[in-house]
Amino acid sequence: MKFEQLFGNKKPVMAMLHLKADEKMSMLERAQAEARCYLENGVEALVVENYFGSADDCEAVLAWLQKEYPQAIYGVNILDSYERAFELADRYNARFIQIDSVCGHLKPEADMRYAEKLNALRRQSGAVLLGGVRFKYQPVRSGRTDEEDLQLGMQRCDAIVVTGEGTGMVTPMEKVRQFRKAIGEFPLIMGAGVTPEAMGDTFAYCDGVIVGSYFKENHKDFCDVYPPYVEAFMAQKRRCAD
């Protein structure tokens, strides 16, 4: 399945479930509350990520989503194991996988082995793959130009994800325009720093967005999801779509 087949012309908002737990609420309870908040406010897709939790925590949330929201579109990002992400996606009907870097982060010899393994997993899976290039916190070791890695990246995923320098930080529009020029009509996702104020410009170049920190209190990744932020963000998205 391709990105366009999964989402059509929706230009989806994909909301992160970061899997935080504390004395107030368990990881699963918080993920359930956040998922309900997102879906009730029209968020098109969820991303289950072991940002604070573990791969096993992701599995618990995916199992719950498969049971309680089988029609919802949800994906998975296992930050330290793309192999586990493919395994969980196939087991729990996650419709897409996010990998923070599909090209550029490895030296050429290691990159060739990585590409062979990644493409083998893709052939065995029905999940759409969202792949980062020059993604936040990822090293650049390929020795290739941005454009060269973007061309290779398009062969390794179904949509390119672009970010700025860090979590919650604005993705520079200059970088977005550079990526759009390099990849043509290939799907492009903004993966960090999206705000309602910039949504018009964002969707002029991007085919979807991934939102995490902005939905939290004070727009901080370690805080709780704040429903009024979700409501306002999705209301602005609907205005942009009109």
# chains A, B, ... in the order shown; residues from 1 in each chain; ligands from 1
$ residues_around --residues "Ile160 of chain A" --least-positions-apart "4" --cutoff "6 Å" --atoms "only C-alpha atoms" --output "list in words"
Leu130, Gly131, Gly132 and Leu188 of chain A
$ atom_distance --atom1 "atom CA of Met154 of chain A" --atom2 "atom CA of Gln98 of chain A"
14.0 Å
$ select_by_dssp --residues "segment 30-163 of chain A" --states "helix (DSSP H, G or I)" --output "short mmCIF file (atom, residue, chain, number, x, y, z; two decimals) with N, CA and C atoms, in the first residue's frame"
data_model
loop_
_atom_site.label_atom_id
_atom_site.label_comp_id
_atom_site.auth_asym_id
_atom_site.auth_seq_id
_atom_site.Cartn_x
_atom_site.Cartn_y
_atom_site.Cartn_z
N ARG A 30 -2.81 6.33 30.33
CA ARG A 30 -2.57 7.63 29.71
C ARG A 30 -2.65 7.54 28.19
N ALA A 31 -2.09 6.50 27.61
CA ALA A 31 -2.18 6.32 26.16
C ALA A 31 -3.62 6.18 25.71
N GLN A 32 -4.43 5.47 26.48
CA GLN A 32 -5.84 5.31 26.14
C GLN A 32 -6.56 6.66 26.17
N ALA A 33 -6.31 7.45 27.21
CA ALA A 33 -6.95 8.76 27.31
C ALA A 33 -6.52 9.68 26.18
N GLU A 34 -5.23 9.66 25.86
CA GLU A 34 -4.73 10.51 24.78
C GLU A 34 -5.31 10.07 23.44
N ALA A 35 -5.35 8.77 23.21
CA ALA A 35 -5.89 8.28 21.94
C ALA A 35 -7.34 8.70 21.77
N ARG A 36 -8.13 8.57 22.83
CA ARG A 36 -9.54 8.98 22.74
C ARG A 36 -9.67 10.47 22.45
N CYS A 37 -8.85 11.27 23.12
CA CYS A 37 -8.87 12.72 22.89
C CYS A 37 -8.56 13.04 21.43
N TYR A 38 -7.52 12.42 20.90
CA TYR A 38 -7.14 12.68 19.52
C TYR A 38 -8.23 12.26 18.55
N LEU A 39 -8.73 11.05 18.69
CA LEU A 39 -9.71 10.54 17.74
C LEU A 39 -11.03 11.30 17.83
N GLU A 40 -11.43 11.68 19.03
CA GLU A 40 -12.68 12.44 19.19
C GLU A 40 -12.59 13.82 18.56
N ALA A 55 9.48 -0.99 23.89
CA ALA A 55 8.83 -1.67 22.78
C ALA A 55 7.67 -2.53 23.28
N ASP A 56 7.83 -3.13 24.46
CA ASP A 56 6.74 -3.93 25.03
C ASP A 56 5.55 -3.03 25.38
N ASP A 57 5.81 -1.81 25.85
CA ASP A 57 4.73 -0.87 26.11
C ASP A 57 3.98 -0.54 24.81
N CYS A 58 4.74 -0.35 23.74
CA CYS A 58 4.11 -0.09 22.44
C CYS A 58 3.20 -1.26 22.06
N GLU A 59 3.68 -2.47 22.30
CA GLU A 59 2.88 -3.64 21.95
C GLU A 59 1.56 -3.64 22.72
N ALA A 60 1.59 -3.28 24.00
CA ALA A 60 0.36 -3.24 24.79
C ALA A 60 -0.63 -2.23 24.23
N VAL A 61 -0.14 -1.07 23.82
CA VAL A 61 -1.03 -0.04 23.27
C VAL A 61 -1.57 -0.48 21.91
N LEU A 62 -0.72 -1.06 21.08
CA LEU A 62 -1.17 -1.53 19.77
C LEU A 62 -2.23 -2.62 19.91
N ALA A 63 -2.05 -3.52 20.87
CA ALA A 63 -3.05 -4.56 21.09
C ALA A 63 -4.39 -3.95 21.51
N TRP A 64 -4.33 -2.93 22.35
CA TRP A 64 -5.56 -2.24 22.78
C TRP A 64 -6.23 -1.52 21.61
N LEU A 65 -5.44 -0.84 20.80
CA LEU A 65 -6.01 -0.14 19.63
C LEU A 65 -6.65 -1.14 18.67
N GLN A 66 -5.98 -2.25 18.43
CA GLN A 66 -6.54 -3.25 17.52
C GLN A 66 -7.88 -3.76 18.02
N LYS A 67 -8.02 -3.89 19.32
CA LYS A 67 -9.27 -4.39 19.90
C LYS A 67 -10.35 -3.32 19.96
N GLU A 68 -9.99 -2.12 20.43
CA GLU A 68 -10.98 -1.08 20.70
C GLU A 68 -11.25 -0.16 19.51
N TYR A 82 14.02 -0.88 14.17
CA TYR A 82 13.05 -0.86 13.08
C TYR A 82 12.54 -2.26 12.77
N GLU A 83 13.36 -3.29 13.06
CA GLU A 83 12.90 -4.66 12.86
C GLU A 83 11.69 -4.97 13.74
N ARG A 84 11.75 -4.54 15.00
CA ARG A 84 10.62 -4.76 15.92
C ARG A 84 9.40 -3.97 15.45
N ALA A 85 9.62 -2.80 14.89
CA ALA A 85 8.48 -2.02 14.37
C ALA A 85 7.74 -2.78 13.29
N PHE A 86 8.47 -3.40 12.37
CA PHE A 86 7.81 -4.19 11.33
C PHE A 86 7.05 -5.38 11.94
N GLU A 87 7.68 -6.03 12.91
CA GLU A 87 7.05 -7.17 13.57
C GLU A 87 5.73 -6.77 14.22
N LEU A 88 5.75 -5.67 14.97
CA LEU A 88 4.54 -5.24 15.67
C LEU A 88 3.48 -4.72 14.71
N ALA A 89 3.90 -4.02 13.67
CA ALA A 89 2.94 -3.53 12.68
C ALA A 89 2.17 -4.69 12.06
N ASP A 90 2.87 -5.72 11.69
CA ASP A 90 2.22 -6.86 11.06
C ASP A 90 1.32 -7.61 12.04
N ARG A 91 1.75 -7.68 13.30
CA ARG A 91 0.98 -8.45 14.28
C ARG A 91 -0.29 -7.73 14.69
N TYR A 92 -0.26 -6.40 14.77
CA TYR A 92 -1.38 -5.65 15.33
C TYR A 92 -2.06 -4.73 14.32
N PRO A 108 28.85 4.35 4.08
CA PRO A 108 28.42 3.62 2.87
C PRO A 108 28.34 2.10 3.02
N GLU A 109 29.34 1.48 3.65
CA GLU A 109 29.33 0.02 3.76
C GLU A 109 28.14 -0.47 4.59
N ALA A 110 27.95 0.16 5.74
CA ALA A 110 26.83 -0.21 6.60
C ALA A 110 25.50 0.16 5.96
N ASP A 111 25.49 1.25 5.21
CA ASP A 111 24.26 1.69 4.56
C ASP A 111 23.76 0.68 3.54
N MET A 112 24.65 0.05 2.81
CA MET A 112 24.25 -0.95 1.83
C MET A 112 23.57 -2.14 2.50
N ARG A 113 24.14 -2.60 3.61
CA ARG A 113 23.53 -3.72 4.35
C ARG A 113 22.18 -3.32 4.92
N TYR A 114 22.12 -2.10 5.45
CA TYR A 114 20.87 -1.59 6.01
C TYR A 114 19.78 -1.53 4.94
N ALA A 115 20.11 -1.00 3.76
CA ALA A 115 19.13 -0.88 2.69
C ALA A 115 18.60 -2.25 2.25
N GLU A 116 19.49 -3.23 2.17
CA GLU A 116 19.06 -4.58 1.78
C GLU A 116 18.09 -5.16 2.79
N LYS A 117 18.39 -5.00 4.08
CA LYS A 117 17.53 -5.55 5.12
C LYS A 117 16.21 -4.80 5.17
N LEU A 118 16.26 -3.47 5.07
CA LEU A 118 15.05 -2.66 5.12
C LEU A 118 14.12 -3.01 3.97
N ASN A 119 14.66 -3.11 2.78
CA ASN A 119 13.82 -3.41 1.62
C ASN A 119 13.26 -4.83 1.68
N ALA A 120 13.99 -5.75 2.27
CA ALA A 120 13.46 -7.11 2.46
C ALA A 120 12.26 -7.09 3.41
N LEU A 121 12.36 -6.33 4.48
CA LEU A 121 11.24 -6.20 5.42
C LEU A 121 10.05 -5.52 4.76
N ARG A 122 10.30 -4.53 3.94
CA ARG A 122 9.20 -3.85 3.25
C ARG A 122 8.46 -4.79 2.31
N ARG A 123 9.20 -5.65 1.63
CA ARG A 123 8.55 -6.59 0.71
C ARG A 123 7.64 -7.57 1.44
N GLN A 124 7.94 -7.85 2.69
CA GLN A 124 7.16 -8.80 3.46
C GLN A 124 6.00 -8.15 4.20
N ASP A 146 22.53 16.24 0.46
CA ASP A 146 21.14 16.10 0.87
C ASP A 146 20.30 15.53 -0.27
N GLU A 147 20.49 16.08 -1.46
CA GLU A 147 19.69 15.66 -2.61
C GLU A 147 19.95 14.19 -2.96
N GLU A 148 21.19 13.77 -2.87
CA GLU A 148 21.51 12.36 -3.16
C GLU A 148 20.85 11.43 -2.15
N ASP A 149 20.89 11.80 -0.87
CA ASP A 149 20.24 10.96 0.13
C ASP A 149 18.72 10.99 0.00
N LEU A 150 18.17 12.10 -0.42
CA LEU A 150 16.72 12.15 -0.64
C LEU A 150 16.31 11.25 -1.80
N GLN A 151 17.10 11.22 -2.85
CA GLN A 151 16.80 10.33 -3.97
C GLN A 151 16.84 8.87 -3.54
N LEU A 152 17.84 8.50 -2.76
CA LEU A 152 17.90 7.14 -2.24
C LEU A 152 16.76 6.88 -1.25
N GLY A 153 16.46 7.89 -0.43
CA GLY A 153 15.39 7.74 0.55
C GLY A 153 14.05 7.41 -0.09
N MET A 154 13.77 7.99 -1.24
CA MET A 154 12.51 7.70 -1.92
C MET A 154 12.41 6.25 -2.37
#
$ residues_around --residues "Pro187 of chain A" --least-positions-apart "3" --cutoff "10 Å" --atoms "only C-alpha atoms" --output "mmCIF file with C-alpha atoms, in the first residue's frame"
data_model
loop_
_atom_site.group_PDB
_atom_site.id
_atom_site.type_symbol
_atom_site.label_atom_id
_atom_site.label_comp_id
_atom_site.auth_asym_id
_atom_site.auth_seq_id
_atom_site.Cartn_x
_atom_site.Cartn_y
_atom_site.Cartn_z
ATOM 1 C CA LYS A 2 1.165 3.523 -0.770
ATOM 2 C CA PHE A 3 0.800 6.671 1.349
ATOM 3 C CA GLU A 4 -1.821 8.088 -1.032
ATOM 4 C CA LYS A 11 -3.225 15.550 4.367
ATOM 5 C CA LEU A 130 7.384 6.994 6.631
ATOM 6 C CA MET A 154 12.509 7.705 -1.925
ATOM 7 C CA CYS A 157 10.049 4.449 1.977
ATOM 8 C CA ASP A 158 6.587 5.648 0.911
ATOM 9 C CA ALA A 159 6.865 9.190 2.319
ATOM 10 C CA ILE A 160 9.802 11.358 3.393
ATOM 11 C CA VAL A 161 9.675 12.956 6.864
ATOM 12 C CA ARG A 180 10.021 19.442 -1.936
ATOM 13 C CA ILE A 183 11.612 14.903 -4.329
ATOM 14 C CA GLY A 184 9.000 16.407 -6.640
ATOM 15 C CA TYR A 205 4.338 22.054 0.678
ATOM 16 C CA CYS A 206 3.582 19.011 2.839
ATOM 17 C CA ASP A 207 1.205 16.070 2.492
ATOM 18 C CA GLY A 208 0.746 15.536 6.227
#
$ closest_residue --among "A:Gly8, A:Gly53, A:Gly42, A:Gly143" --to "Phe233 of chain A" --atoms "only C-alpha atoms"
A:Gly42
$ closest_residue --among "A:Phe96, A:Phe222, A:Tyr51, A:Tyr214" --to "Asp80 of chain A" --atoms "only C-alpha atoms"
A:Tyr51
$ residues_around --residues "Ala232 of chain A" --least-positions-apart "5" --cutoff "9 Å" --atoms "only C-alpha atoms" --output "NGL selection string"
:A and (196 or 227 or 237)
$ select_by_dssp --residues "segment 8-234 of chain A" --states "strand (DSSP E)" --output "ChimeraX atom specification"
/A:13-17,45-49,74-77,96-103,128-133,159-162,188-190,208-211
$ write_last_selection --atoms "C-alpha atoms" --output "tab-separated table (two decimals), in the first residue's frame"
chain	number	residue	atom	x	y	z
A	13	VAL	CA	-2.53	14.98	11.19
A	14	MET	CA	-0.73	12.08	12.89
A	15	ALA	CA	-0.62	12.47	16.69
A	16	MET	CA	2.09	10.93	18.84
A	17	LEU	CA	1.42	8.64	21.78
A	45	ALA	CA	-3.95	8.84	12.65
A	46	LEU	CA	-2.01	7.88	15.77
A	47	VAL	CA	1.70	7.05	16.11
A	48	VAL	CA	2.63	4.71	18.96
A	49	GLU	CA	6.25	5.42	19.92
A	74	TYR	CA	-2.45	3.90	13.62
A	75	GLY	CA	1.25	3.33	13.18
A	76	VAL	CA	4.33	2.50	15.20
A	77	ASN	CA	7.85	3.83	15.69
A	96	PHE	CA	2.15	2.46	8.84
A	97	ILE	CA	5.64	2.49	10.35
A	98	GLN	CA	7.82	5.51	11.06
A	99	ILE	CA	11.62	5.21	10.97
A	100	ASP	CA	13.58	8.30	11.97
A	101	SER	CA	16.23	7.80	9.30
A	102	VAL	CA	16.11	5.65	6.18
A	103	CYS	CA	19.12	7.23	4.52
A	128	VAL	CA	3.24	2.14	4.63
A	129	LEU	CA	6.71	3.39	5.61
A	130	LEU	CA	7.38	6.99	6.63
A	131	GLY	CA	11.13	7.58	6.50
A	132	GLY	CA	13.22	10.42	7.84
A	133	VAL	CA	16.08	11.99	5.92
A	159	ALA	CA	6.86	9.19	2.32
A	160	ILE	CA	9.80	11.36	3.39
A	161	VAL	CA	9.68	12.96	6.86
A	162	VAL	CA	11.40	16.31	7.37
A	188	LEU	CA	6.47	14.81	2.19
A	189	ILE	CA	5.59	14.86	5.91
A	190	MET	CA	6.56	17.56	8.41
A	208	GLY	CA	0.75	15.54	6.23
A	209	VAL	CA	2.14	16.37	9.66
A	210	ILE	CA	3.24	14.50	12.77
A	211	VAL	CA	2.41	16.35	15.99
$ closest_residue --among "A:Val230, A:Arg141, A:His18, A:Cys240" --to "Asn41 of chain A" --atoms "only C-alpha atoms"
A:Val230
$ residues_around --residues "Pro139 of chain A" --least-positions-apart "6" --cutoff "10 Å" --atoms "only C-alpha atoms" --output "list in words"
Ser101, Gly104, His105 and Leu106 of chain A
$ write_last_selection --atoms "C-alpha atoms" --output "PDB file, in the first residue's frame"
ATOM      1  CA  SER A 101      16.231   7.801   9.295  1.00  0.00           C
ATOM      2  CA  GLY A 104      22.179   9.297   5.409  1.00  0.00           C
ATOM      3  CA  HIS A 105      22.889   8.203   8.973  1.00  0.00           C
ATOM      4  CA  LEU A 106      25.263   5.348   8.128  1.00  0.00           C
TER       5      LEU A 106
END
$ atom_distance --atom1 "atom CA of Thr202 of chain A" --atom2 "atom CA of Asp221 of chain A"
21.1 Å
$ atom_distance --atom1 "atom CA of Met1 of chain A" --atom2 "atom CA of Ser125 of chain A"
9.3 Å
$ decode --residues "segment 184-211 of chain A" --atoms "N, CA and C atoms" --output "mmCIF file, in the first residue's frame"
data_model
loop_
_atom_site.group_PDB
_atom_site.id
_atom_site.type_symbol
_atom_site.label_atom_id
_atom_site.label_comp_id
_atom_site.auth_asym_id
_atom_site.auth_seq_id
_atom_site.Cartn_x
_atom_site.Cartn_y
_atom_site.Cartn_z
ATOM 1 N N GLY A 184 10.133 16.239 -5.727
ATOM 2 C CA GLY A 184 9.000 16.407 -6.640
ATOM 3 C C GLY A 184 7.679 16.131 -5.962
ATOM 4 N N GLU A 185 6.859 15.270 -6.576
ATOM 5 C CA GLU A 185 5.517 14.983 -6.060
ATOM 6 C C GLU A 185 5.502 13.863 -5.023
ATOM 7 N N PHE A 186 6.637 13.310 -4.694
ATOM 8 C CA PHE A 186 6.700 12.249 -3.695
ATOM 9 C C PHE A 186 6.173 12.780 -2.362
ATOM 10 N N PRO A 187 5.401 11.988 -1.600
ATOM 11 C CA PRO A 187 4.817 12.492 -0.352
ATOM 12 C C PRO A 187 5.867 13.006 0.636
ATOM 13 N N LEU A 188 5.578 14.159 1.240
ATOM 14 C CA LEU A 188 6.466 14.806 2.194
ATOM 15 C C LEU A 188 5.684 15.113 3.471
ATOM 16 N N ILE A 189 6.226 14.688 4.609
ATOM 17 C CA ILE A 189 5.585 14.858 5.906
ATOM 18 C C ILE A 189 6.454 15.757 6.776
ATOM 19 N N MET A 190 5.831 16.775 7.415
ATOM 20 C CA MET A 190 6.559 17.560 8.406
ATOM 21 C C MET A 190 6.456 16.836 9.738
ATOM 22 N N GLY A 191 7.603 16.514 10.329
ATOM 23 C CA GLY A 191 7.619 15.650 11.488
ATOM 24 C C GLY A 191 7.845 16.324 12.818
ATOM 25 N N ALA A 192 7.973 17.655 12.854
ATOM 26 C CA ALA A 192 8.208 18.332 14.131
ATOM 27 C C ALA A 192 7.939 19.820 13.977
ATOM 28 N N GLY A 193 7.514 20.438 15.086
ATOM 29 C CA GLY A 193 7.411 21.887 15.151
ATOM 30 C C GLY A 193 6.258 22.512 14.402
ATOM 31 N N VAL A 194 5.227 21.729 14.101
ATOM 32 C CA VAL A 194 4.077 22.281 13.380
ATOM 33 C C VAL A 194 3.207 23.082 14.351
ATOM 34 N N THR A 195 2.778 24.268 13.946
ATOM 35 C CA THR A 195 1.880 25.092 14.751
ATOM 36 C C THR A 195 0.666 25.490 13.922
ATOM 37 N N PRO A 196 -0.460 25.831 14.571
ATOM 38 C CA PRO A 196 -1.622 26.291 13.806
ATOM 39 C C PRO A 196 -1.323 27.515 12.955
ATOM 40 N N GLU A 197 -0.492 28.417 13.490
ATOM 41 C CA GLU A 197 -0.189 29.651 12.763
ATOM 42 C C GLU A 197 0.534 29.381 11.451
ATOM 43 N N ALA A 198 1.326 28.333 11.410
ATOM 44 C CA ALA A 198 2.107 28.024 10.209
ATOM 45 C C ALA A 198 1.457 26.962 9.337
ATOM 46 N N MET A 199 0.228 26.569 9.678
ATOM 47 C CA MET A 199 -0.354 25.423 8.997
ATOM 48 C C MET A 199 -0.605 25.687 7.519
ATOM 49 N N GLY A 200 -1.004 26.901 7.177
ATOM 50 C CA GLY A 200 -1.244 27.207 5.771
ATOM 51 C C GLY A 200 0.002 27.000 4.929
ATOM 52 N N ASP A 201 1.131 27.564 5.385
ATOM 53 C CA ASP A 201 2.395 27.377 4.665
ATOM 54 C C ASP A 201 2.824 25.918 4.671
ATOM 55 N N THR A 202 2.604 25.259 5.808
ATOM 56 C CA THR A 202 3.007 23.852 5.918
ATOM 57 C C THR A 202 2.300 23.001 4.871
ATOM 58 N N PHE A 203 0.983 23.128 4.788
ATOM 59 C CA PHE A 203 0.227 22.290 3.869
ATOM 60 C C PHE A 203 0.350 22.734 2.415
ATOM 61 N N ALA A 204 0.932 23.896 2.181
ATOM 62 C CA ALA A 204 1.235 24.278 0.804
ATOM 63 C C ALA A 204 2.353 23.414 0.234
ATOM 64 N N TYR A 205 3.197 22.862 1.119
ATOM 65 C CA TYR A 205 4.338 22.054 0.678
ATOM 66 C C TYR A 205 4.266 20.601 1.135
ATOM 67 N N CYS A 206 3.543 20.336 2.217
ATOM 68 C CA CYS A 206 3.582 19.011 2.839
ATOM 69 C C CYS A 206 2.264 18.264 2.661
ATOM 70 N N ASP A 207 2.361 16.946 2.690
ATOM 71 C CA ASP A 207 1.205 16.070 2.492
ATOM 72 C C ASP A 207 0.666 15.512 3.798
ATOM 73 N N GLY A 208 1.194 15.967 4.912
ATOM 74 C CA GLY A 208 0.746 15.536 6.227
ATOM 75 C C GLY A 208 1.707 16.038 7.277
ATOM 76 N N VAL A 209 1.307 15.909 8.547
ATOM 77 C CA VAL A 209 2.141 16.371 9.656
ATOM 78 C C VAL A 209 2.088 15.354 10.789
ATOM 79 N N ILE A 210 3.184 15.271 11.534
ATOM 80 C CA ILE A 210 3.242 14.499 12.766
ATOM 81 C C ILE A 210 3.358 15.497 13.909
ATOM 82 N N VAL A 211 2.466 15.367 14.901
ATOM 83 C CA VAL A 211 2.407 16.349 15.988
ATOM 84 C C VAL A 211 2.518 15.616 17.324
#
